[in-house]
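S.K.: Enclosed is the structure file coords-v9.tsv (TSV, C-alpha atoms).
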chain	number	residue	atom	x	y	z
A	6	MET	CA	4.89	-12.89	-19.63
A	7	GLU	CA	1.79	-13.78	-21.59
A	8	LYS	CA	-0.83	-14.16	-18.87
A	9	ILE	CA	-1.10	-11.43	-16.25
A	10	ALA	CA	-3.57	-10.96	-13.41
A	11	ILE	CA	-4.18	-8.17	-10.92
A	12	TYR	CA	-5.59	-10.02	-7.92
A	13	GLY	CA	-7.49	-7.70	-5.60
A	14	ALA	CA	-8.58	-5.13	-8.19
A	15	GLY	CA	-9.96	-2.49	-5.84
A	16	SER	CA	-8.98	1.18	-5.88
A	17	LEU	CA	-5.32	0.74	-6.86
A	18	GLY	CA	-5.83	-2.36	-8.99
A	19	THR	CA	-8.55	-0.70	-11.06
A	20	VAL	CA	-6.28	2.25	-11.87
A	21	LEU	CA	-3.31	0.01	-12.70
A	22	GLY	CA	-5.52	-2.27	-14.79
A	23	ALA	CA	-6.84	0.72	-16.74
A	24	TYR	CA	-3.32	1.96	-17.52
A	25	LEU	CA	-2.08	-1.47	-18.60
A	26	SER	CA	-5.17	-2.19	-20.68
A	27	LYS	CA	-4.93	1.22	-22.35
A	28	ALA	CA	-1.32	0.35	-23.28
A	29	GLY	CA	-2.53	-2.84	-24.98
A	30	VAL	CA	-1.58	-5.32	-22.24
A	31	ALA	CA	-3.92	-8.29	-21.83
A	32	VAL	CA	-4.55	-8.31	-18.09
A	33	ASP	CA	-7.32	-9.84	-15.97
A	34	LEU	CA	-8.69	-7.75	-13.09
A	35	ILE	CA	-9.79	-10.13	-10.34
A	36	THR	CA	-11.93	-9.20	-7.36
A	37	ARG	CA	-14.51	-10.87	-5.15
A	38	ASN	CA	-16.86	-7.89	-5.65
A	39	ARG	CA	-19.34	-9.18	-8.24
A	40	GLU	CA	-20.97	-5.80	-8.85
A	41	HIS	CA	-17.55	-4.21	-9.41
A	42	VAL	CA	-16.71	-6.97	-11.91
A	43	ASN	CA	-20.00	-6.46	-13.74
A	44	ALA	CA	-19.50	-2.69	-13.97
A	45	LEU	CA	-15.90	-3.07	-15.20
A	46	ASN	CA	-16.91	-5.51	-17.92
A	47	ARG	CA	-19.97	-3.50	-18.94
A	48	ASP	CA	-18.70	0.08	-18.75
A	49	GLY	CA	-14.91	-0.24	-18.53
A	50	ALA	CA	-12.66	1.09	-15.79
A	51	LYS	CA	-13.61	4.72	-15.18
A	52	ILE	CA	-10.72	6.71	-13.69
A	53	ILE	CA	-11.48	10.12	-12.21
A	54	GLY	CA	-9.49	12.64	-10.20
A	55	LYS	CA	-6.02	13.72	-11.31
A	56	VAL	CA	-6.42	11.69	-14.54
A	57	LYS	CA	-9.70	11.16	-16.36
A	58	MET	CA	-10.21	8.19	-18.67
A	59	THR	CA	-12.49	5.23	-19.28
A	60	VAL	CA	-10.81	2.06	-20.53
A	61	PRO	CA	-12.33	-1.30	-21.55
A	62	VAL	CA	-11.00	-4.04	-19.24
A	63	HIS	CA	-11.54	-7.75	-18.56
A	64	ALA	CA	-12.64	-8.53	-15.01
A	65	LEU	CA	-13.69	-11.69	-13.20
A	66	THR	CA	-14.24	-13.12	-9.74
A	67	PRO	CA	-11.83	-15.66	-8.19
A	68	ASP	CA	-14.25	-18.55	-8.75
A	69	GLU	CA	-14.30	-17.73	-12.47
A	70	MET	CA	-10.55	-18.15	-12.87
A	71	THR	CA	-9.57	-20.94	-15.28
A	72	GLU	CA	-6.27	-19.68	-16.70
A	73	LYS	CA	-2.74	-20.21	-15.43
A	74	TYR	CA	-0.84	-16.94	-14.99
A	75	ASP	CA	2.81	-16.05	-15.52
A	76	LEU	CA	2.51	-12.98	-13.29
A	77	ILE	CA	0.10	-12.22	-10.47
A	78	ILE	CA	0.14	-8.69	-9.07
A	79	LEU	CA	-1.17	-9.04	-5.52
A	80	LEU	CA	-3.25	-6.20	-4.06
A	81	THR	CA	-5.42	-7.95	-1.48
A	82	LYS	CA	-5.17	-7.38	2.26
A	83	GLN	CA	-1.96	-9.12	3.24
A	84	LEU	CA	-3.44	-10.71	6.35
A	85	GLU	CA	-5.02	-13.24	3.96
A	86	ASN	CA	-1.85	-13.95	1.95
A	87	LYS	CA	-1.32	-17.57	2.98
A	88	SER	CA	-4.86	-18.77	2.26
A	89	ILE	CA	-5.18	-16.74	-0.95
A	90	LEU	CA	-1.87	-17.89	-2.41
A	91	GLU	CA	-2.50	-21.51	-1.52
A	92	LYS	CA	-5.81	-21.33	-3.42
A	93	LEU	CA	-4.14	-19.46	-6.32
A	94	ASN	CA	-1.53	-22.19	-6.76
A	95	ALA	CA	-3.82	-23.95	-9.23
A	96	ASN	CA	-3.82	-20.80	-11.38
A	97	MET	CA	-0.05	-20.31	-11.45
A	98	THR	CA	2.38	-21.54	-14.08
A	99	GLU	CA	5.37	-23.45	-12.77
A	100	ASP	CA	7.55	-20.33	-12.63
A	101	CYS	CA	4.77	-17.80	-11.97
A	102	ILE	CA	5.96	-14.59	-10.30
A	103	VAL	CA	3.93	-13.06	-7.49
A	104	CYS	CA	4.57	-9.32	-7.30
A	105	THR	CA	3.12	-7.93	-4.10
A	106	MET	CA	2.07	-4.28	-4.04
A	107	GLN	CA	0.59	-4.58	-0.58
A	108	ASN	CA	1.37	-2.30	2.33
A	109	GLY	CA	3.69	-3.16	5.18
A	110	LEU	CA	6.28	-5.92	4.72
A	111	PRO	CA	4.35	-8.56	2.75
A	112	GLU	CA	7.27	-10.24	0.98
A	113	LEU	CA	7.90	-12.49	3.98
A	114	SER	CA	4.44	-14.07	3.95
A	115	VAL	CA	4.36	-14.31	0.13
A	116	SER	CA	7.74	-16.04	-0.05
A	117	GLU	CA	6.72	-18.53	2.63
A	118	VAL	CA	4.09	-19.88	0.18
A	119	VAL	CA	5.62	-19.47	-3.31
A	120	GLY	CA	9.34	-19.26	-2.49
A	121	GLU	CA	11.71	-16.31	-2.49
A	122	ASP	CA	12.74	-16.90	-6.13
A	123	ARG	CA	9.14	-16.37	-7.27
A	124	THR	CA	8.51	-13.35	-5.04
A	125	MET	CA	8.90	-9.70	-6.02
A	126	GLY	CA	7.98	-6.62	-4.04
A	127	CYS	CA	6.75	-3.31	-5.37
A	128	THR	CA	6.12	-0.10	-3.46
A	129	VAL	CA	3.40	2.16	-4.84
A	130	ALA	CA	4.06	5.90	-4.63
A	131	TRP	CA	0.55	7.00	-5.59
A	132	GLY	CA	-2.93	6.61	-4.20
A	133	ALA	CA	-6.49	5.92	-5.27
A	134	THR	CA	-9.98	5.78	-3.78
A	135	LEU	CA	-12.79	3.55	-5.02
A	136	HIS	CA	-15.95	5.52	-5.85
A	137	GLY	CA	-18.50	2.80	-6.42
A	138	HIS	CA	-18.58	-0.04	-8.90
A	139	GLY	CA	-16.13	0.39	-11.77
A	140	VAL	CA	-14.99	3.86	-10.71
A	141	SER	CA	-11.67	4.73	-9.03
A	142	GLU	CA	-10.26	8.16	-8.25
A	143	LEU	CA	-6.54	8.73	-8.78
A	144	THR	CA	-5.70	11.03	-5.86
A	145	SER	CA	-1.99	11.64	-6.56
A	146	GLU	CA	-0.58	14.05	-9.12
A	147	ALA	CA	0.37	12.24	-12.34
A	148	ASP	CA	3.92	13.63	-12.28
A	149	SER	CA	4.51	12.34	-8.75
A	150	MET	CA	3.63	8.69	-9.43
A	151	SER	CA	6.26	5.96	-9.34
A	152	PHE	CA	6.94	2.33	-8.40
A	153	GLY	CA	9.88	0.87	-6.51
A	154	LEU	CA	10.57	-2.72	-7.60
A	155	GLY	CA	12.92	-5.30	-6.17
A	156	ARG	CA	13.80	-8.72	-4.86
A	157	MET	CA	14.21	-9.60	-1.21
A	158	ASN	CA	17.87	-10.46	-1.88
A	159	GLY	CA	18.46	-7.23	-3.83
A	160	LYS	CA	19.40	-9.02	-7.05
A	161	THR	CA	18.32	-8.00	-10.56
A	162	ASP	CA	17.34	-10.68	-13.08
A	163	GLU	CA	15.50	-11.04	-16.39
A	164	LYS	CA	12.06	-11.53	-14.85
A	165	LEU	CA	12.52	-8.44	-12.69
A	166	MET	CA	13.30	-6.42	-15.80
A	167	GLN	CA	10.20	-7.84	-17.54
A	168	VAL	CA	7.98	-6.70	-14.68
A	169	LYS	CA	9.73	-3.32	-14.70
A	170	ALA	CA	8.97	-2.87	-18.42
A	171	LEU	CA	5.34	-3.78	-17.78
A	172	LEU	CA	4.81	-1.33	-14.93
A	173	GLU	CA	6.56	1.45	-16.84
A	174	LYS	CA	3.49	1.53	-19.07
A	175	MET	CA	1.92	3.44	-16.19
A	176	CYS	CA	4.71	5.44	-14.55
A	177	PRO	CA	8.48	5.40	-13.78
A	178	VAL	CA	9.86	2.29	-12.08
A	179	GLU	CA	13.02	2.26	-9.99
A	180	ILE	CA	14.87	-1.03	-9.44
A	181	GLU	CA	15.84	-1.05	-5.76
A	182	GLU	CA	18.94	-2.95	-4.62
A	183	ASN	CA	18.12	-2.22	-0.98
A	184	PHE	CA	14.49	-3.18	-1.45
A	185	MET	CA	13.72	-3.80	2.24
A	186	GLY	CA	15.06	-0.30	2.95
A	187	VAL	CA	12.58	0.97	0.38
A	188	ARG	CA	9.83	-1.01	2.07
A	189	TRP	CA	10.62	0.76	5.32
A	190	SER	CA	10.47	4.18	3.65
A	191	LYS	CA	6.99	3.31	2.39
A	192	LEU	CA	6.05	1.82	5.77
A	193	LEU	CA	7.14	5.04	7.48
A	194	ILE	CA	4.77	7.10	5.31
A	195	ASN	CA	1.91	4.66	5.75
A	196	ALA	CA	2.35	4.39	9.49
A	197	ALA	CA	2.28	8.17	9.89
A	198	PHE	CA	-0.25	9.35	7.32
A	199	SER	CA	-2.42	6.27	6.68
A	200	GLY	CA	-2.43	5.66	10.43
A	201	MET	CA	-3.51	9.19	11.31
A	202	SER	CA	-5.92	9.36	8.36
A	203	ALA	CA	-7.70	6.31	9.77
A	204	VAL	CA	-7.59	7.66	13.33
A	205	THR	CA	-8.98	11.10	12.40
A	206	GLY	CA	-11.23	10.34	9.45
A	207	GLY	CA	-9.34	12.89	7.35
A	208	THR	CA	-7.03	12.85	4.34
A	209	PHE	CA	-3.24	12.80	4.42
A	210	GLY	CA	-3.34	16.58	4.01
A	211	ASP	CA	-5.74	17.00	6.93
A	212	ALA	CA	-3.44	14.97	9.19
A	213	ALA	CA	-0.39	16.95	8.05
A	214	ASN	CA	-1.91	20.42	8.32
A	215	ARG	CA	-3.45	20.33	11.78
A	216	ARG	CA	-0.90	21.03	14.51
A	217	ASP	CA	-2.04	18.32	16.95
A	218	SER	CA	-2.21	15.49	14.40
A	219	ARG	CA	1.03	16.69	12.78
A	220	VAL	CA	2.83	16.21	16.09
A	221	CYS	CA	1.52	12.64	16.11
A	222	CYS	CA	2.75	12.09	12.55
A	223	GLN	CA	6.16	13.43	13.50
A	224	ASN	CA	6.47	11.09	16.49
A	225	ILE	CA	5.25	8.08	14.49
A	226	ILE	CA	7.96	8.86	11.91
A	227	LYS	CA	10.61	9.19	14.63
A	228	GLU	CA	9.67	5.79	16.06
A	229	CYS	CA	9.91	4.19	12.60
A	230	ILE	CA	13.37	5.69	12.09
A	231	ASP	CA	14.56	4.50	15.51
A	232	VAL	CA	13.21	0.98	15.02
A	233	ALA	CA	14.74	0.64	11.54
A	234	ALA	CA	18.09	1.85	12.86
A	235	ALA	CA	18.00	-0.68	15.69
A	236	ALA	CA	17.20	-3.43	13.18
A	237	GLY	CA	20.14	-2.41	10.96
A	238	ILE	CA	17.88	-1.29	8.10
A	239	ARG	CA	18.92	1.71	5.99
A	240	ILE	CA	15.79	3.63	4.96
A	241	GLU	CA	16.03	4.61	1.30
A	242	PRO	CA	15.14	7.97	-0.30
A	243	VAL	CA	11.79	8.26	-2.07
A	244	GLN	CA	11.74	9.85	-5.55
A	245	GLY	CA	15.24	11.17	-4.87
A	246	LYS	CA	14.32	12.81	-1.56
A	247	ASP	CA	15.82	11.90	1.80
A	248	ILE	CA	12.55	11.03	3.46
A	249	VAL	CA	14.10	10.61	6.90
A	250	LYS	CA	15.47	14.15	7.01
A	251	LYS	CA	12.59	15.87	5.23
A	252	LEU	CA	9.55	14.21	6.82
A	253	PHE	CA	10.97	14.32	10.32
A	254	ALA	CA	11.07	18.14	10.22
A	255	TYR	CA	7.80	19.30	11.82
A	256	PHE	CA	7.26	22.44	9.76
A	257	ILE	CA	8.00	20.82	6.40
A	258	ILE	CA	5.61	17.86	6.80
A	259	PRO	CA	2.67	19.59	4.98
A	260	VAL	CA	5.01	20.59	2.14
A	261	CYS	CA	6.39	17.07	1.71
A	262	ILE	CA	2.93	15.52	1.64
A	263	LYS	CA	1.37	18.21	-0.58
A	264	LYS	CA	1.15	16.16	-3.78
A	265	HIS	CA	-0.61	13.36	-1.89
A	266	ALA	CA	-2.72	15.64	0.33
A	267	ALA	CA	-6.05	14.46	-1.11
A	268	LEU	CA	-5.31	10.80	-0.40
A	269	LYS	CA	-7.66	9.00	1.97
A	270	ALA	CA	-6.05	5.96	3.58
A	271	SER	CA	-7.29	2.58	2.38
A	272	MET	CA	-7.55	1.66	6.07
A	273	LEU	CA	-10.02	4.52	6.55
A	274	GLN	CA	-11.97	3.38	3.50
A	275	ASP	CA	-12.24	-0.08	5.09
A	276	LEU	CA	-13.35	1.34	8.44
A	277	GLU	CA	-16.02	3.45	6.75
A	278	LYS	CA	-17.38	0.26	5.16
A	279	GLY	CA	-17.42	-1.51	8.51
A	280	LYS	CA	-14.51	-3.78	7.56
A	281	LYS	CA	-11.41	-4.78	9.49
A	282	CYS	CA	-8.31	-2.98	8.21
A	283	GLU	CA	-4.57	-3.70	7.85
A	284	ILE	CA	-3.40	-1.78	10.91
A	285	ASP	CA	-1.48	-4.78	12.31
A	286	ALA	CA	0.43	-5.05	9.01
A	287	ILE	CA	1.41	-1.36	9.06
A	288	ASN	CA	1.77	0.37	12.45
A	289	GLY	CA	1.62	-3.05	14.08
A	290	VAL	CA	4.78	-4.09	12.23
A	291	VAL	CA	6.62	-1.09	13.70
A	292	CYS	CA	5.42	-2.09	17.18
A	293	ALA	CA	6.51	-5.72	16.67
A	294	TYR	CA	9.97	-4.71	15.43
A	295	GLY	CA	10.21	-2.24	18.32
A	296	LYS	CA	9.61	-5.01	20.86
A	297	LYS	CA	12.11	-7.27	19.11
A	298	TYR	CA	14.86	-4.64	19.13
A	299	GLY	CA	14.05	-2.92	22.42
A	300	VAL	CA	12.72	0.37	21.02
A	301	ARG	CA	9.66	2.03	22.58
A	302	THR	CA	6.83	2.81	20.12
A	303	PRO	CA	4.07	4.53	22.14
A	304	TYR	CA	2.62	6.50	19.21
A	305	ASN	CA	2.39	3.49	16.90
A	306	ASP	CA	0.99	1.48	19.82
A	307	LYS	CA	-1.71	4.10	20.33
A	308	VAL	CA	-2.61	4.20	16.63
A	309	CYS	CA	-3.18	0.42	16.74
A	310	GLU	CA	-5.20	0.72	19.94
A	311	VAL	CA	-7.45	3.49	18.57
A	312	ILE	CA	-8.05	1.82	15.22
A	313	HIS	CA	-8.88	-1.52	16.85
A	314	GLY	CA	-11.24	0.51	19.04
A	315	ILE	CA	-12.89	1.91	15.92
A	316	GLU	CA	-13.25	-1.62	14.52
A	317	ASP	CA	-14.90	-2.71	17.78
A	318	GLY	CA	-17.28	0.29	17.86
A	319	LYS	CA	-15.60	1.99	20.84
A	320	PHE	CA	-14.52	5.01	18.77
A	321	ARG	CA	-15.27	6.45	15.36
A	322	PRO	CA	-12.77	8.08	12.96
A	323	SER	CA	-12.58	11.67	14.19
A	324	PHE	CA	-10.06	14.37	15.05
A	325	ASP	CA	-11.41	14.05	18.59
A	326	ASN	CA	-9.25	10.90	18.81
A	327	VAL	CA	-6.07	12.98	18.68
A	328	ARG	CA	-6.62	13.88	22.34
A	329	LEU	CA	-5.93	10.22	23.17
A	330	PHE	CA	-2.30	10.82	22.19
A	331	SER	CA	-1.82	13.89	24.41
A	332	SER	CA	-0.42	12.01	27.41
A	333	LEU	CA	2.18	10.06	25.43
A	334	LYS	CA	5.87	10.62	25.97
A	335	ARG	CA	8.75	9.59	23.74
Write the structure described by the file as structure tokens, please.
M.R.:
Amino acid sequence: MEKIAIYGAGSLGTVLGAYLSKAGVAVDLITRNREHVNALNRDGAKIIGKVKMTVPVHALTPDEMTEKYDLIILLTKQLENKSILEKLNANMTEDCIVCTMQNGLPELSVSEVVGEDRTMGCTVAWGATLHGHGVSELTSEADSMSFGLGRMNGKTDEKLMQVKALLEKMCPVEIEENFMGVRWSKLLINAAFSGMSAVTGGTFGDAANRRDSRVCCQNIIKECIDVAAAAGIRIEPVQGKDIVKKLFAYFIIPVCIKKHAALKASMLQDLEKGKKCEIDAINGVVCAYGKKYGVRTPYNDKVCEVIHGIEDGKFRPSFDNVRLFSSLKR
């Protein structure tokens, strides 16, 4: 794969782009944020936090794209997938692979545009926070980072192995035969901790450590498990750990999330900037599957309600919002 692009080079994309560029990979970092592009090209990608490095990178805005790419790593908000991919078609080679690292279950919308044979999914087991133009903080411990890579049909092929080799320049990559089960394990974490981070205005660790918000996390997790079971989906372990058993235990939640305690949800980062967030593609997916398979999801429903309320100015991210969950019953 000669031509590679990271499309949506925000917090995660900047970190990934820095790692790949440092390893000698020619990769374009693409973002609509002109000032971010200018800072990346002028000063390089500055990574702070758990890893500190500054790496020269090549960045551009979408309207500056002239190349055709063999691989596009997609990190935009997935609610825009159809329109973005239709526009990107002119910048794809005939057999271009789109590898989505987005939250939720984005493979369905990606494959509807480019086809299942050109779609790959990748779960990201690390976090980052953008700190201004050209600067991203890696908020996960370096030894806890990993990717889970796979096809929707669970098959392994040459192109999958090429993408695996590329991503291994940053951290370990696991090929997942039950990739949709892996997606649900990631969705479970995001629904609980990204959801409550956005609701409360705190980090993953804040949500896990406070008793009232931890109860919410526990019930969100339980709903995800019940919905997946009803849909016939087997939730996969994460980094060798049975996430269903470990994260469902109330007292062990802060321990399980410890290495990612400093992570601030990207949804919260969007809300703080006055932007709409991906809540309907995360907790909203759990609610939609729950309705389809007849499983009640009151905690995920409430997370969606509160976050839409924040978007509309009715609430603000605060631990005061946890009281809105107090009347819920499973």
S.K.: What's the 12 Å shell around stretch 321-330 of chain A, counting only C-alpha atoms, without same-chain residues fewer than 2 positions away, as an MDAnalysis selection string?
M.R.: chainID A and resid 200:208 211:212 215:222 224:225 270 272:279 303:319 332:335
S.K.: At a cut-off of 6 Å around the point (-9.3, -0.7, -10.2) (file coordinates), what residues fall inside when counting only C-alpha atoms? I'd like the answer as a PyMOL selection string.
M.R.: chain A and resi 14-20
S.K.: Take the point (-7.2, -6.3, -5.5) as written in the file and pick out every residue within 7 Å of it, counting only C-alpha atoms; give the list as a list of chain:residue names.
M.R.: A:Ile11, A:Tyr12, A:Gly13, A:Ala14, A:Gly15, A:Gly18, A:Ile35, A:Thr36, A:Leu79, A:Leu80, A:Thr81
S.K.: I need the residue nearest A:Asn183 from this list: A:Val56, A:Ala44, A:Leu154, A:Ala64. Use all atoms listed in the file for the distance.
M.R.: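 Closest residue, counting all atoms listed in the file: A:Leu154.
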S.K.: With only C-alpha atoms as the counted atoms, please give the residues lying no more than 9 Å from A:Cys292, apart from itself and same-chain residues fewer than 2 positions off, as number ranges by chain.
M.R.: A: 229, 232, 285, 288-290, 294-297, 300-303, 305-306, 309
S.K.: May I ask for the distance between atom CA of A:Ile284 and atom CA of A:Gly137, given in Å to one decimal place?
M.R.: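 So the answer is 23.4 Å.
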S.K.: Using only C-alpha atoms, which of the listed residues (A:Ile52, A:Met6, A:Leu165, A:Leu65) sits closest to A:Asp33?
M.R.: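 For A:Asp33, the nearest of the candidates is A:Leu65.
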S.K.: Find the spatial neighbours of A:Ile230, counting all atoms listed in the file, within a cut-off of 12 Å - ignore same-chain residues fewer than 6 positions away - and output them as an MDAnalysis selection string.
M.R.: chainID A and resid 186 189:194 196:197 223:224 236:241 248:250 252:253 291 294:295 300:302
S.K.: Which of these, A:Ile89, A:Met125, A:Val187, A:Met175, has the shortest distance to A:Arg37 once you count only C-alpha atoms?
M.R.: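 The answer is A:Ile89, which sits nearest to A:Arg37.
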S.K.: So for stretch 232-242 of chain A, what box centre and size do we get, axis-aligned, 3 Å extra on each of the six sides, every listed atom, Å to one decimal, as AutoDock Vina command-line options?
M.R.:
--center_x 16.7 --center_y 2.3 --center_z 7.7 --size_x 12.9 --size_y 17.4 --size_z 22.0
S.K.: Please measure the separation of atom CA of A:Gly120 and atom CA of A:Glu69, giving the value in Å to one decimal.
M.R.: 25.7 Å
S.K.: Any idea what the distance is between atom CA of A:Ser88 and atom CA of A:Pro67?
M.R.: 12.9 Å
S.K.: Taking 4 positions as the minimum chain separation for residues in the same chain, which residues sit within 9 Å of A:Glu40 when counting all atoms listed in the file? Answer as a PyMOL selection string.
M.R.: chain A and resi 44-45+138-139
S.K.: Output stretch 99-110 of chain A as a CSV table (one decimal), keeping the file's coordinate frame, making sure N, CA and C atoms are there.
M.R.:
chain,number,residue,atom,x,y,z
A,99,GLU,N,4.3,-22.9,-13.6
A,99,GLU,CA,5.4,-23.4,-12.8
A,99,GLU,C,6.3,-22.4,-12.2
A,100,ASP,N,6.6,-21.4,-13.1
A,100,ASP,CA,7.6,-20.3,-12.6
A,100,ASP,C,6.9,-19.0,-12.5
A,101,CYS,N,5.6,-19.0,-12.2
A,101,CYS,CA,4.8,-17.8,-12.0
A,101,CYS,C,5.4,-16.9,-10.9
A,102,ILE,N,5.5,-15.6,-11.2
A,102,ILE,CA,6.0,-14.6,-10.3
A,102,ILE,C,4.8,-14.0,-9.6
A,103,VAL,N,4.9,-13.8,-8.3
A,103,VAL,CA,3.9,-13.1,-7.5
A,103,VAL,C,4.6,-11.8,-7.1
A,104,CYS,N,4.1,-10.7,-7.6
A,104,CYS,CA,4.6,-9.3,-7.3
A,104,CYS,C,3.6,-8.7,-6.3
A,105,THR,N,4.0,-8.5,-5.1
A,105,THR,CA,3.1,-7.9,-4.1
A,105,THR,C,3.3,-6.4,-4.0
A,106,MET,N,2.1,-5.7,-4.2
A,106,MET,CA,2.1,-4.3,-4.0
A,106,MET,C,1.3,-3.9,-2.8
A,107,GLN,N,1.3,-4.8,-1.8
A,107,GLN,CA,0.6,-4.6,-0.6
A,107,GLN,C,1.4,-3.7,0.4
A,108,ASN,N,0.7,-3.1,1.3
A,108,ASN,CA,1.4,-2.3,2.3
A,108,ASN,C,2.1,-3.1,3.3
A,109,GLY,N,3.0,-2.5,4.1
A,109,GLY,CA,3.7,-3.2,5.2
A,109,GLY,C,4.9,-3.9,4.6
A,110,LEU,N,5.2,-5.1,5.1
A,110,LEU,CA,6.3,-5.9,4.7
A,110,LEU,C,5.8,-7.3,4.3
